Amino acid sequence: METHIQVKNLNAYYGRQQVLRNINVEIPRKQITVIMGPSGCGKTTLLKTFNRFFELNEEARLTGEVLVDGQNIYGRDVDVTEVRKCVGLLAQRPSPLPMSIYDNVVYGMHIHKMKKDRKEYKAAVRHYLEIAGLWEEVQNRLHDPAASLSIGQQQRLCLARGLAVEPEIILGDEPTSALDPISSQNIESRLLELKRQYTTVIVTHTLRQAKRLADSVIYMYMGEVVEAGPAKEVFGNPQHERTKQYLEGLF
Amino acid sequence: MSEVNSTFIAQESRKGEGRGSRPSAAFRARQDKAARRAFLVVTILPILLILVVAAALFARAWPILSAYGLPSLLFGKVWKPNNGQFGFLPFILGTVWVTLVGALLSVPACLLAAVYLAEYAHSRTRAMTKPILDVLAAIPPVVYGAWGLIAIVPFVDEVLAPLCDRWLGFIPLFAVNQPTGFGILAGGIVLAVMVAPLIISVAFEVFSTVPNDLRHASLAVGATQWQTIRNIVLPQAKPGIIAAIVLAASRAFGETVAVLMVVGNVPNIPTSIFDSAYPLPALIANNYGEMMSIPLYDAALLSAALVLLAVILIFNILSTLVLQRVLRRK
Amino acid sequence: MKKMKKKRFERRHLMEFFVKSIMQTALLIVAGALGLILWAVITRGLPSLTWDMVSQVPQGGYYMGKEGGILNAIIGSIYLAAGGTLLAMLLSLPIALYLKTYLGDSKWGECVRLSLDVLWGIPSIVYGAFGFALMLTLGMRASLLAGVVTLALVEFPIMTRAMDEVIRRMPADLEQAALALGSTRFEVALHVVARQTLPGITTAILLAFGRGIGDAASVLFTAGYTDRIVTSPMRPTASLPLAVFFQLGSPYPEVRERGYAAALILTVIVLLVSFGSRWLSARLAKYTIK
């Protein structure tokens, strides 16, 4: 098993409040890693440090390193937009851009000028909508506004939009929490399919979802990583009292 | 709602007797009802006031409107009240010129400043900017006019006019026909600064109605901040921004004293930004003293006020309707 | 993985830098304009500012450069603005409270707000002309009273909308709590809303006062001008903005210089009102729930 993201001595603060304490974890390549823990434990914050969304808050401050393929994404000479291109994000609520379905998928590709002509863009849109499992449903109305889709379809559209810029890592911040059960299931099965090609990191607060998806687990409490490792070990034989309590539903 | 509450109180206060000085429940219910009625009457006042202002101006303007007809007043080119000639066209065009120049100078800078404040600036910068805008908005027009006389008119006369004359003089729009400094450009510059706080604060409000989720969605695929602003924020904010500009233009359209002090006040149809102009509000303000001695003069000036009111009402109602809708999204 | 090195000279990064610099410049220009205005008014007004200016009324030949001051205009302006503000308050407070406690965000509430915004946008010269039209109809002459009424019209939409904004920002649960304790809506309006929003209301009143004291176009027709200190509401009165306006229009350089001094006095008064309201609302805010 090969490490893709390595977090080293990471401390994060909002103003004076410390939200992440001395985090050291490794995230394996082409697997699904689930970050879980009670609300307010810093799991979303940790996720946001991976695509440098953490720094969107003007009070945010951070020490330590996040290495992607050995390269510190907080290094001096690193281009934030390249980081974000390489690390896609599926947000908690689907956030389709106020344009057509087609334009949503094309958006990132246009930004990075990734294709040469219309034909290539068209083919790419089809490709990524197929991967996201949306093509069948929208192929006849690609130029309808994205807002006309159902919320579950919107989330799959956001997935297609994220994949279209050819990232290597997909982050999911409770990507199914706003969805109905059937749409959630749909997204989950997409993620399971995609893990063959992408390193995936998901934040979730539902234990069952964690068990369905996880190859590897990070359990956090009060801004610290309590336990991290392969899913089988953590779920089957937790080493820490806190993890045990959480898994038994005592929180 | 209030009735339900007061029955509830009636029971309560019986239990709590002995606290003495509270008025009876029945009295309080009656008080509430009376207040509701009185309040309702008061809220009709604003709408009524608009109608009354329009009606009063119309009534006083009627003698000249009925004698000459609106078109011949609006499109008449000659203003010679002594001969009974009342053409508003030079004044209307003067107002339009000054407003346009002011808007052209103000809008780009103000929008850029507003985008910066909404999208880039640290909250400390925002907190520092607010009092500056407040003070700019609080400075009286007559002081803006004084500033125009001290700084802008000489600046136009000694710097801008020679420069334009030398390099752009062949374009009629920039020709310097009467080098005094007083004119449309000076008026426009003063107006541009006067309406800046309004444009910036309304545009800022409009930008902050664009949901952060959209910004994040764009940043998440690796767009730069400017790409996000240009592709997502600006298109979303467009209706509100246009409304803000229209609102500011209507404010500029009616500005009187500050413009009047620097614009030259010659009733010609202007052809260059260095020409003098005579805006409509300045016409009204300048002639109040003599208006009683010449027949129809007062009616002419009040119909000028009516024209001003009509234009501004249209601009204002449209922009306010759009802004109300846009800003409610928050 | 590809190296994520920053290509500083890639077009979009240059664009980002360029646009951001332009925006900062634009903001600096706007902020700088305030500095330029204050600097111009102070440097030009200060040399002719004497004690006589604020303590004397115009003496014979004042408008040709002889002795005197503009006390008549200062006092006239204070009367005008104070009167206008008081009158406007009589309209504003009930409307703002009614908008909050009874109307909320209903259709009619929006309609009232729209009409207030439209009134706000009507230029003061139109109010002046309206006041003048009324005076013609009633056969009145320019007077302090007419000026006060016209200024009240100019001020009240500003005041009401400013009050409405602060009152709307009041936490809804406070009102709910008061209603739940058995208060009638009227009592909520009077005791809870009014008290809780006192700082905001004070700011709104001072904002309108500041606007009123600086407005020239509305009092031009209605309040007239005189060299004596006004003694009766039925007599005309001088006002500070008009004192500036008339003196700056004078052919005599000495008079013009005193016009700049008068502009400085007006600016100082307006700034004092503006900062005063800030200070006052910060002090009063101690007693409100945030």
# chains A, B, ... in the order shown; residues from 1 in each chain; ligands from 1
$ residues_around --residues "Gly108 in chain A" --least-positions-apart "4" --cutoff "10 Å" --atoms "only C-alpha atoms" --output "mmCIF file with all heavy atoms, in the first residue's frame"
data_model
loop_
_atom_site.group_PDB
_atom_site.id
_atom_site.type_symbol
_atom_site.label_atom_id
_atom_site.label_comp_id
_atom_site.auth_asym_id
_atom_site.auth_seq_id
_atom_site.Cartn_x
_atom_site.Cartn_y
_atom_site.Cartn_z
ATOM 1 N N LYS A 85 -6.814 21.957 -8.616
ATOM 2 C CA LYS A 85 -7.085 21.205 -9.831
ATOM 3 C C LYS A 85 -6.791 19.722 -9.594
ATOM 4 O O LYS A 85 -7.487 18.846 -10.075
ATOM 5 C CB LYS A 85 -6.207 21.743 -10.967
ATOM 6 C CG LYS A 85 -6.387 21.052 -12.293
ATOM 7 C CD LYS A 85 -5.623 21.793 -13.375
ATOM 8 C CE LYS A 85 -5.679 21.097 -14.709
ATOM 9 N NZ LYS A 85 -4.948 19.843 -14.739
ATOM 10 N N ASP A 103 -22.378 23.521 -19.528
ATOM 11 C CA ASP A 103 -21.383 24.516 -19.107
ATOM 12 C C ASP A 103 -20.797 24.209 -17.737
ATOM 13 O O ASP A 103 -19.647 24.532 -17.461
ATOM 14 C CB ASP A 103 -22.004 25.917 -19.099
ATOM 15 C CG ASP A 103 -22.233 26.428 -20.501
ATOM 16 O OD1 ASP A 103 -21.559 25.924 -21.419
ATOM 17 O OD2 ASP A 103 -23.103 27.308 -20.684
ATOM 18 N N ASN A 104 -21.603 23.593 -16.885
ATOM 19 C CA ASN A 104 -21.075 23.202 -15.579
ATOM 20 C C ASN A 104 -19.909 22.242 -15.721
ATOM 21 O O ASN A 104 -18.887 22.395 -15.062
ATOM 22 C CB ASN A 104 -22.178 22.549 -14.743
ATOM 23 C CG ASN A 104 -22.747 23.495 -13.712
ATOM 24 O OD1 ASN A 104 -22.183 23.673 -12.655
ATOM 25 N ND2 ASN A 104 -23.855 24.132 -14.062
ATOM 26 N N HIS A 112 -8.848 25.843 -17.320
ATOM 27 C CA HIS A 112 -7.476 25.378 -17.514
ATOM 28 C C HIS A 112 -7.133 25.168 -18.980
ATOM 29 O O HIS A 112 -6.066 24.640 -19.284
ATOM 30 C CB HIS A 112 -7.268 24.079 -16.724
ATOM 31 C CG HIS A 112 -7.461 24.248 -15.256
ATOM 32 N ND1 HIS A 112 -6.538 24.860 -14.448
ATOM 33 C CD2 HIS A 112 -8.491 23.930 -14.437
ATOM 34 C CE1 HIS A 112 -6.988 24.891 -13.196
ATOM 35 N NE2 HIS A 112 -8.179 24.342 -13.171
ATOM 36 N N LYS A 113 -8.054 25.544 -19.855
ATOM 37 C CA LYS A 113 -7.835 25.388 -21.303
ATOM 38 C C LYS A 113 -7.333 23.980 -21.622
ATOM 39 O O LYS A 113 -6.274 23.794 -22.231
ATOM 40 C CB LYS A 113 -6.834 26.425 -21.809
ATOM 41 C CG LYS A 113 -7.281 27.846 -21.531
ATOM 42 C CD LYS A 113 -6.475 28.818 -22.370
ATOM 43 C CE LYS A 113 -7.021 30.212 -22.249
ATOM 44 N NZ LYS A 113 -6.970 30.741 -20.867
ATOM 45 N N MET A 114 -8.093 22.991 -21.205
ATOM 46 C CA MET A 114 -7.609 21.619 -21.280
ATOM 47 C C MET A 114 -7.866 20.948 -22.620
ATOM 48 O O MET A 114 -7.249 19.932 -22.933
ATOM 49 C CB MET A 114 -8.234 20.787 -20.160
ATOM 50 C CG MET A 114 -7.708 21.229 -18.801
ATOM 51 S SD MET A 114 -8.625 20.562 -17.439
ATOM 52 C CE MET A 114 -8.214 18.849 -17.551
ATOM 53 N N ARG A 161 -18.271 17.605 -12.775
ATOM 54 C CA ARG A 161 -17.536 18.856 -12.930
ATOM 55 C C ARG A 161 -16.162 18.764 -12.282
ATOM 56 O O ARG A 161 -15.162 19.225 -12.836
ATOM 57 C CB ARG A 161 -18.334 19.992 -12.289
ATOM 58 C CG ARG A 161 -17.732 21.366 -12.488
ATOM 59 C CD ARG A 161 -18.566 22.425 -11.810
ATOM 60 N NE ARG A 161 -18.584 22.228 -10.359
ATOM 61 C CZ ARG A 161 -19.552 22.664 -9.562
ATOM 62 N NH1 ARG A 161 -20.583 23.291 -10.058
ATOM 63 N NH2 ARG A 161 -19.505 22.439 -8.273
ATOM 64 N N GLY A 162 -16.129 18.136 -11.100
ATOM 65 C CA GLY A 162 -14.851 17.977 -10.408
ATOM 66 C C GLY A 162 -13.915 17.045 -11.154
ATOM 67 O O GLY A 162 -12.724 17.322 -11.278
ATOM 68 N N LEU A 163 -14.463 15.943 -11.675
ATOM 69 C CA LEU A 163 -13.607 14.960 -12.361
ATOM 70 C C LEU A 163 -13.070 15.494 -13.675
ATOM 71 O O LEU A 163 -12.013 15.062 -14.143
ATOM 72 C CB LEU A 163 -14.394 13.670 -12.609
ATOM 73 C CG LEU A 163 -14.823 12.907 -11.352
ATOM 74 C CD1 LEU A 163 -15.652 11.692 -11.736
ATOM 75 C CD2 LEU A 163 -13.609 12.482 -10.540
ATOM 76 N N ALA A 164 -13.805 16.444 -14.268
ATOM 77 C CA ALA A 164 -13.448 16.914 -15.607
ATOM 78 C C ALA A 164 -12.090 17.617 -15.657
ATOM 79 O O ALA A 164 -11.492 17.715 -16.716
ATOM 80 C CB ALA A 164 -14.531 17.853 -16.129
ATOM 81 N N VAL A 165 -11.610 18.124 -14.510
ATOM 82 C CA VAL A 165 -10.295 18.760 -14.542
ATOM 83 C C VAL A 165 -9.187 17.766 -14.225
ATOM 84 O O VAL A 165 -8.052 18.150 -13.947
ATOM 85 C CB VAL A 165 -10.216 19.987 -13.597
ATOM 86 C CG1 VAL A 165 -11.123 21.080 -14.087
ATOM 87 C CG2 VAL A 165 -10.541 19.608 -12.176
ATOM 88 N N GLU A 166 -9.524 16.478 -14.274
ATOM 89 C CA GLU A 166 -8.556 15.391 -14.121
ATOM 90 C C GLU A 166 -7.759 15.455 -12.823
ATOM 91 O O GLU A 166 -6.527 15.521 -12.812
ATOM 92 C CB GLU A 166 -7.596 15.371 -15.321
ATOM 93 C CG GLU A 166 -8.331 15.106 -16.610
ATOM 94 C CD GLU A 166 -7.469 15.338 -17.843
ATOM 95 O OE1 GLU A 166 -6.244 15.506 -17.680
ATOM 96 O OE2 GLU A 166 -8.016 15.350 -18.946
ATOM 97 N N ALA B 217 -17.420 26.565 -5.347
ATOM 98 C CA ALA B 217 -17.512 25.588 -6.427
ATOM 99 C C ALA B 217 -16.521 25.927 -7.530
ATOM 100 O O ALA B 217 -15.894 25.052 -8.120
ATOM 101 C CB ALA B 217 -18.932 25.547 -6.977
ATOM 102 N N SER B 218 -16.383 27.220 -7.803
ATOM 103 C CA SER B 218 -15.466 27.633 -8.860
ATOM 104 C C SER B 218 -14.011 27.502 -8.417
ATOM 105 O O SER B 218 -13.168 27.000 -9.163
ATOM 106 C CB SER B 218 -15.777 29.077 -9.256
ATOM 107 O OG SER B 218 -14.748 29.597 -10.051
ATOM 108 N N LEU B 219 -13.726 27.912 -7.189
ATOM 109 C CA LEU B 219 -12.350 27.792 -6.690
ATOM 110 C C LEU B 219 -11.923 26.328 -6.612
ATOM 111 O O LEU B 219 -10.767 25.995 -6.847
ATOM 112 C CB LEU B 219 -12.240 28.436 -5.301
ATOM 113 C CG LEU B 219 -12.409 29.948 -5.230
ATOM 114 C CD1 LEU B 219 -12.422 30.418 -3.783
ATOM 115 C CD2 LEU B 219 -11.299 30.656 -6.005
ATOM 116 N N ALA B 220 -12.890 25.454 -6.317
ATOM 117 C CA ALA B 220 -12.559 24.050 -6.100
ATOM 118 C C ALA B 220 -12.033 23.366 -7.355
ATOM 119 O O ALA B 220 -11.323 22.375 -7.260
ATOM 120 C CB ALA B 220 -13.772 23.295 -5.571
ATOM 121 N N VAL B 221 -12.400 23.855 -8.539
ATOM 122 C CA VAL B 221 -11.845 23.238 -9.743
ATOM 123 C C VAL B 221 -10.566 23.935 -10.180
ATOM 124 O O VAL B 221 -10.042 23.671 -11.251
ATOM 125 C CB VAL B 221 -12.850 23.222 -10.918
ATOM 126 C CG1 VAL B 221 -14.029 22.341 -10.590
ATOM 127 C CG2 VAL B 221 -13.278 24.613 -11.301
ATOM 128 N N GLY B 222 -10.071 24.850 -9.342
ATOM 129 C CA GLY B 222 -8.775 25.454 -9.630
ATOM 130 C C GLY B 222 -8.847 26.782 -10.357
ATOM 131 O O GLY B 222 -7.880 27.191 -10.982
ATOM 132 N N ALA B 223 -9.985 27.459 -10.260
ATOM 133 C CA ALA B 223 -10.061 28.792 -10.855
ATOM 134 C C ALA B 223 -9.340 29.780 -9.943
ATOM 135 O O ALA B 223 -9.319 29.608 -8.731
ATOM 136 C CB ALA B 223 -11.514 29.212 -11.029
#
$ residues_around --residues "Ala237 in chain B" --least-positions-apart "6" --cutoff "9 Å" --atoms "only C-alpha atoms" --output "list in words"
Ala203, Val206, Phe207, Thr209, Val210 and Val326 of chain B
$ interface_residues --of "chain B" --to "chain A" --cutoff "12 Å" --atoms "only C-alpha atoms" --output "short mmCIF file (atom, residue, chain, number, x, y, z; two decimals) with all heavy atoms, in the first residue's frame"
data_model
loop_
_atom_site.label_atom_id
_atom_site.label_comp_id
_atom_site.auth_asym_id
_atom_site.auth_seq_id
_atom_site.Cartn_x
_atom_site.Cartn_y
_atom_site.Cartn_z
N GLU B 119 -14.71 40.99 -2.32
CA GLU B 119 -14.10 39.70 -2.67
C GLU B 119 -12.68 39.52 -2.14
O GLU B 119 -12.27 38.41 -1.86
CB GLU B 119 -14.07 39.54 -4.19
CG GLU B 119 -15.43 39.69 -4.86
CD GLU B 119 -16.36 38.53 -4.54
OE1 GLU B 119 -15.86 37.40 -4.38
OE2 GLU B 119 -17.57 38.76 -4.43
N TYR B 120 -11.93 40.58 -2.05
CA TYR B 120 -10.53 40.43 -1.69
C TYR B 120 -10.20 40.96 -0.30
O TYR B 120 -9.39 40.38 0.41
CB TYR B 120 -9.62 41.16 -2.68
CG TYR B 120 -9.50 40.53 -4.04
CD1 TYR B 120 -10.27 40.99 -5.10
CD2 TYR B 120 -8.62 39.49 -4.26
CE1 TYR B 120 -10.15 40.42 -6.36
CE2 TYR B 120 -8.50 38.91 -5.52
CZ TYR B 120 -9.27 39.39 -6.56
OH TYR B 120 -9.15 38.82 -7.79
N ALA B 121 -10.80 42.09 0.06
CA ALA B 121 -10.30 42.84 1.21
C ALA B 121 -10.44 42.07 2.52
O ALA B 121 -11.38 41.32 2.72
CB ALA B 121 -11.03 44.17 1.31
N HIS B 122 -9.48 42.28 3.38
CA HIS B 122 -9.54 41.78 4.74
C HIS B 122 -10.62 42.54 5.47
O HIS B 122 -10.91 43.69 5.15
CB HIS B 122 -8.17 42.01 5.39
CG HIS B 122 -7.98 41.23 6.66
ND1 HIS B 122 -8.43 41.68 7.87
CD2 HIS B 122 -7.41 40.03 6.88
CE1 HIS B 122 -8.13 40.78 8.80
NE2 HIS B 122 -7.51 39.77 8.22
N SER B 123 -11.22 41.91 6.48
CA SER B 123 -12.31 42.59 7.17
C SER B 123 -11.83 43.89 7.83
O SER B 123 -12.62 44.81 8.01
CB SER B 123 -12.93 41.66 8.20
OG SER B 123 -11.95 41.16 9.06
N ARG B 124 -10.54 43.95 8.15
CA ARG B 124 -10.02 45.21 8.70
C ARG B 124 -10.09 46.33 7.68
O ARG B 124 -10.47 47.46 8.01
CB ARG B 124 -8.57 45.02 9.15
CG ARG B 124 -8.43 44.60 10.60
CD ARG B 124 -6.98 44.74 11.02
NE ARG B 124 -6.14 43.92 10.14
CZ ARG B 124 -5.60 42.76 10.49
NH1 ARG B 124 -5.78 42.29 11.68
NH2 ARG B 124 -4.86 42.06 9.64
N VAL B 210 -24.34 37.16 -3.40
CA VAL B 210 -23.94 35.97 -4.18
C VAL B 210 -23.46 34.90 -3.20
O VAL B 210 -22.56 35.16 -2.40
CB VAL B 210 -22.81 36.31 -5.17
CG1 VAL B 210 -22.35 35.07 -5.90
CG2 VAL B 210 -23.28 37.37 -6.14
N PRO B 211 -24.10 33.73 -3.20
CA PRO B 211 -23.77 32.72 -2.19
C PRO B 211 -22.31 32.25 -2.28
O PRO B 211 -21.77 32.07 -3.37
CB PRO B 211 -24.70 31.54 -2.53
CG PRO B 211 -25.64 32.02 -3.55
CD PRO B 211 -25.11 33.27 -4.14
N ASN B 212 -21.71 32.06 -1.11
CA ASN B 212 -20.32 31.60 -1.07
C ASN B 212 -20.14 30.22 -1.70
O ASN B 212 -19.08 29.92 -2.23
CB ASN B 212 -19.84 31.54 0.37
CG ASN B 212 -19.08 32.78 0.75
OD1 ASN B 212 -18.51 33.44 -0.12
ND2 ASN B 212 -19.08 33.14 2.01
N ASP B 213 -21.20 29.40 -1.65
CA ASP B 213 -21.10 28.07 -2.26
C ASP B 213 -20.67 28.16 -3.71
O ASP B 213 -19.90 27.33 -4.20
CB ASP B 213 -22.46 27.37 -2.19
CG ASP B 213 -22.72 26.82 -0.80
OD1 ASP B 213 -21.84 27.01 0.06
OD2 ASP B 213 -23.79 26.23 -0.58
N LEU B 214 -21.18 29.16 -4.42
CA LEU B 214 -20.84 29.28 -5.84
C LEU B 214 -19.37 29.64 -6.00
O LEU B 214 -18.68 29.10 -6.86
CB LEU B 214 -21.70 30.36 -6.50
CG LEU B 214 -23.20 30.07 -6.57
CD1 LEU B 214 -23.92 31.16 -7.34
CD2 LEU B 214 -23.45 28.72 -7.22
N ARG B 215 -18.90 30.58 -5.16
CA ARG B 215 -17.47 30.93 -5.23
C ARG B 215 -16.63 29.69 -4.97
O ARG B 215 -15.67 29.41 -5.69
CB ARG B 215 -17.15 31.99 -4.19
CG ARG B 215 -17.77 33.33 -4.48
CD ARG B 215 -17.23 34.39 -3.52
NE ARG B 215 -17.89 35.65 -3.76
CZ ARG B 215 -19.01 36.02 -3.15
NH1 ARG B 215 -19.59 35.24 -2.25
NH2 ARG B 215 -19.57 37.18 -3.43
N HIS B 216 -17.01 28.93 -3.95
CA HIS B 216 -16.22 27.75 -3.60
C HIS B 216 -16.24 26.72 -4.71
O HIS B 216 -15.23 26.08 -4.98
CB HIS B 216 -16.73 27.16 -2.29
CG HIS B 216 -16.44 28.04 -1.11
ND1 HIS B 216 -16.83 27.75 0.16
CD2 HIS B 216 -15.80 29.23 -1.04
CE1 HIS B 216 -16.44 28.71 0.98
NE2 HIS B 216 -15.82 29.63 0.27
N ALA B 217 -17.42 26.56 -5.35
CA ALA B 217 -17.51 25.59 -6.43
C ALA B 217 -16.52 25.93 -7.53
O ALA B 217 -15.89 25.05 -8.12
CB ALA B 217 -18.93 25.55 -6.98
N SER B 218 -16.38 27.22 -7.80
CA SER B 218 -15.47 27.63 -8.86
C SER B 218 -14.01 27.50 -8.42
O SER B 218 -13.17 27.00 -9.16
CB SER B 218 -15.78 29.08 -9.26
OG SER B 218 -14.75 29.60 -10.05
N LEU B 219 -13.73 27.91 -7.19
CA LEU B 219 -12.35 27.79 -6.69
C LEU B 219 -11.92 26.33 -6.61
O LEU B 219 -10.77 26.00 -6.85
CB LEU B 219 -12.24 28.44 -5.30
CG LEU B 219 -12.41 29.95 -5.23
CD1 LEU B 219 -12.42 30.42 -3.78
CD2 LEU B 219 -11.30 30.66 -6.01
N ALA B 220 -12.89 25.45 -6.32
CA ALA B 220 -12.56 24.05 -6.10
C ALA B 220 -12.03 23.37 -7.36
O ALA B 220 -11.32 22.38 -7.26
CB ALA B 220 -13.77 23.29 -5.57
N VAL B 221 -12.40 23.86 -8.54
CA VAL B 221 -11.84 23.24 -9.74
C VAL B 221 -10.57 23.93 -10.18
O VAL B 221 -10.04 23.67 -11.25
CB VAL B 221 -12.85 23.22 -10.92
CG1 VAL B 221 -14.03 22.34 -10.59
CG2 VAL B 221 -13.28 24.61 -11.30
N GLY B 222 -10.07 24.85 -9.34
CA GLY B 222 -8.78 25.45 -9.63
C GLY B 222 -8.85 26.78 -10.36
O GLY B 222 -7.88 27.19 -10.98
N ALA B 223 -9.99 27.46 -10.26
CA ALA B 223 -10.06 28.79 -10.85
C ALA B 223 -9.34 29.78 -9.94
O ALA B 223 -9.32 29.61 -8.73
CB ALA B 223 -11.51 29.21 -11.03
N THR B 224 -8.75 30.82 -10.53
CA THR B 224 -8.20 31.89 -9.70
C THR B 224 -9.37 32.72 -9.20
O THR B 224 -10.50 32.58 -9.66
CB THR B 224 -7.26 32.80 -10.49
OG1 THR B 224 -8.00 33.43 -11.52
CG2 THR B 224 -6.12 32.03 -11.11
N GLN B 225 -9.05 33.61 -8.26
CA GLN B 225 -10.13 34.42 -7.69
C GLN B 225 -10.76 35.32 -8.74
O GLN B 225 -11.98 35.49 -8.78
CB GLN B 225 -9.58 35.25 -6.53
CG GLN B 225 -10.37 35.02 -5.28
CD GLN B 225 -9.78 35.75 -4.11
OE1 GLN B 225 -8.56 35.86 -3.99
NE2 GLN B 225 -10.63 36.27 -3.26
N TRP B 226 -9.93 35.89 -9.61
CA TRP B 226 -10.48 36.77 -10.63
C TRP B 226 -11.33 35.99 -11.62
O TRP B 226 -12.39 36.45 -12.04
CB TRP B 226 -9.37 37.54 -11.34
CG TRP B 226 -9.86 38.30 -12.53
CD1 TRP B 226 -9.49 38.12 -13.81
CD2 TRP B 226 -10.84 39.35 -12.54
NE1 TRP B 226 -10.17 38.98 -14.63
CE2 TRP B 226 -11.01 39.75 -13.88
CE3 TRP B 226 -11.61 39.98 -11.55
CZ2 TRP B 226 -11.90 40.75 -14.26
CZ3 TRP B 226 -12.50 40.97 -11.92
CH2 TRP B 226 -12.63 41.35 -13.26
N GLN B 227 -10.87 34.78 -11.98
CA GLN B 227 -11.70 33.96 -12.87
C GLN B 227 -13.05 33.67 -12.23
O GLN B 227 -14.09 33.69 -12.89
CB GLN B 227 -10.97 32.64 -13.18
CG GLN B 227 -9.84 32.82 -14.18
CD GLN B 227 -9.01 31.56 -14.35
OE1 GLN B 227 -8.79 30.81 -13.41
NE2 GLN B 227 -8.53 31.33 -15.57
N THR B 228 -13.03 33.41 -10.93
CA THR B 228 -14.27 33.17 -10.22
C THR B 228 -15.17 34.40 -10.24
O THR B 228 -16.37 34.31 -10.49
CB THR B 228 -13.97 32.79 -8.76
OG1 THR B 228 -13.13 31.65 -8.77
CG2 THR B 228 -15.23 32.49 -7.99
N ARG B 230 -15.12 36.90 -12.40
CA ARG B 230 -15.58 37.24 -13.75
C ARG B 230 -16.63 36.25 -14.26
O ARG B 230 -17.61 36.63 -14.88
CB ARG B 230 -14.41 37.28 -14.71
CG ARG B 230 -14.63 38.24 -15.86
CD ARG B 230 -13.60 38.01 -16.94
NE ARG B 230 -13.63 36.63 -17.37
CZ ARG B 230 -12.59 35.98 -17.88
NH1 ARG B 230 -11.43 36.60 -18.00
NH2 ARG B 230 -12.69 34.73 -18.25
N ASN B 231 -16.41 34.97 -13.97
CA ASN B 231 -17.31 33.96 -14.53
C ASN B 231 -18.55 33.71 -13.69
O ASN B 231 -19.58 33.31 -14.21
CB ASN B 231 -16.58 32.63 -14.70
CG ASN B 231 -15.49 32.72 -15.74
OD1 ASN B 231 -15.70 33.29 -16.80
ND2 ASN B 231 -14.33 32.17 -15.44
N ILE B 232 -18.44 33.91 -12.38
CA ILE B 232 -19.54 33.52 -11.50
C ILE B 232 -20.16 34.73 -10.81
O ILE B 232 -21.35 35.00 -10.92
CB ILE B 232 -19.06 32.52 -10.43
CG1 ILE B 232 -18.34 31.35 -11.08
CG2 ILE B 232 -20.22 32.06 -9.57
CD1 ILE B 232 -19.19 30.51 -11.99
N VAL B 233 -19.33 35.49 -10.08
CA VAL B 233 -19.88 36.55 -9.23
C VAL B 233 -20.50 37.67 -10.07
O VAL B 233 -21.64 38.08 -9.83
CB VAL B 233 -18.80 37.12 -8.29
CG1 VAL B 233 -19.36 38.24 -7.44
CG2 VAL B 233 -18.23 36.02 -7.41
N LEU B 234 -19.75 38.16 -11.05
CA LEU B 234 -20.27 39.30 -11.82
C LEU B 234 -21.57 38.97 -12.57
O LEU B 234 -22.52 39.75 -12.50
CB LEU B 234 -19.20 39.83 -12.78
CG LEU B 234 -18.03 40.55 -12.10
CD1 LEU B 234 -17.06 41.10 -13.13
CD2 LEU B 234 -18.51 41.66 -11.19
N PRO B 235 -21.65 37.83 -13.28
CA PRO B 235 -22.92 37.53 -13.94
C PRO B 235 -24.08 37.44 -12.96
O PRO B 235 -25.19 37.91 -13.25
CB PRO B 235 -22.68 36.17 -14.61
CG PRO B 235 -21.22 36.05 -14.72
CD PRO B 235 -20.61 36.83 -13.61
N GLN B 236 -23.81 36.87 -11.76
CA GLN B 236 -24.88 36.75 -10.78
C GLN B 236 -25.31 38.13 -10.27
O GLN B 236 -26.47 38.36 -9.96
CB GLN B 236 -24.39 35.94 -9.57
CG GLN B 236 -24.38 34.47 -9.76
CD GLN B 236 -25.78 33.93 -9.93
OE1 GLN B 236 -26.22 33.71 -11.05
NE2 GLN B 236 -26.48 33.71 -8.83
N ALA B 237 -24.35 39.03 -10.15
CA ALA B 237 -24.62 40.33 -9.55
C ALA B 237 -25.14 41.34 -10.57
O ALA B 237 -25.54 42.44 -10.19
CB ALA B 237 -23.36 40.87 -8.87
#
$ closest_residue --among "C:Ser218, C:Ser48, C:Thr101, C:Ser115" --to "chain B" --atoms "only C-alpha atoms"
C:Ser115
$ select_by_dssp --residues "range 5-248 of chain A" --states "strand (DSSP E)" --output "ChimeraX atom specification"
/A:5-14,17-28,32-36,60-68,71-72,87-90,169-173,199-203,216-221,224-230
$ residues_around --residues "Val68 in chain A" --least-positions-apart "4" --cutoff "12 Å" --atoms "only C-alpha atoms" --output "VMD selection string"
(chain A and resid 2 to 8 26 to 29 49 to 51 72 to 75 78 83 to 84 86 to 87 168 to 169 199) or (chain C and resid 1 to 4)
